[in-house]
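Everything below concerns the one structure shown next.
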Amino acid sequence: MNSLVKSQAFRETLIFAGLMGAALLIASLLDPSGAFALDSGDSIDFVDDLSGGEGDLKSLLNTILSYFLGFLGFVCVIMVIYGGVLYVTSAGNDENVRKAKKILLYAGVGVILIMISYALVTTLFSAASSGGGGTSGGGSTGGTTN
């Protein structure tokens with residue numbers, strides 16, 4: 001058990017779990033829409049309010065994916081901060097500098113992947129909601145309606 005606690009992989013896992021827990025706590029405390037509120041219940045009105053008043057499946061999935069990608073972006077920012085602190089406090093230790101550079105590299109790649117994912121999801125949802133095709137037909141019918 002003592003060797004497990006001294007293991008670097010175990011310590012890194014604990015640090016990552018702690019950062020994720022802190023991120024969830026901060027997200028739940030700073031959430032203005034009340035999406036993480038525990039007293040809202042599981043009624044249909046609750047889902048309708050969270051999806052921005054839209055009751056269809058596309059808008060609900062869009063809202064869920066937006067929250068998820070936003071949370072992942074927040075985690076990337078936390079990892080950049082962690083990598084920066086590790087780099088600054090390495091005190092010339094080559095192993096810590098290499099580890100910090102790897103964390104910063106992976107966090108940067110993560111931010112790029114999140115931005116590409118967000119652009120892809122937004123494009124797919126806008127194409128699905130607009131019908132996915134161009135306009136057909138030729139404008140007005142020439143008749144009047146009262």
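Order determines the names: the first chain of the structure tokens is A, the second B, and so forth; residues in each chain are numbered 1 upward, and ligands are numbered 1 upward as they are shown.
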
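Using only C-alpha atoms, the protein and nucleic acid residues lying no more than 7 Å from range 65-78 of chain A, apart from those fewer than 4 places from it along its own chain, are A:Ala23, A:Leu61, A:Tyr82, A:Ala107, A:Gly110, A:Val111, A:Ile114, A:Tyr118.
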
Checklist entry - Within 12 Å of Ile15 in chain A, counting only C-alpha atoms, which residues qualify if same-chain residues fewer than 4 places away don't, as a PyMOL selection string? => result chain A and resi 8-11+19-22+78-79+82-83

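Straight-line separation from CA of Ile103 in chain A to CA of Val88 in chain A: 13.1 Å.
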
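Counting from CA of Ser130 in chain A, the distance to CA of Thr63 in chain A is 17.5 Å.
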
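Picture a line from CA of Met115 in chain A to CA of Leu14 in chain A; it runs 27.4 Å.
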
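For range 124-128 of chain A, the non-local neighbours within 9 Å, defined as residues at least 6 positions apart in the same chain or in other chains and counting only C-alpha atoms, are Lys58, Ser59 and Asn62 of chain A.
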
Item to check | Nearest-residue call for Tyr106 in chain A, choices A:Ser90, A:Thr122, A:Val85, A:Val80, using only C-alpha atoms | outcome: A:Val80
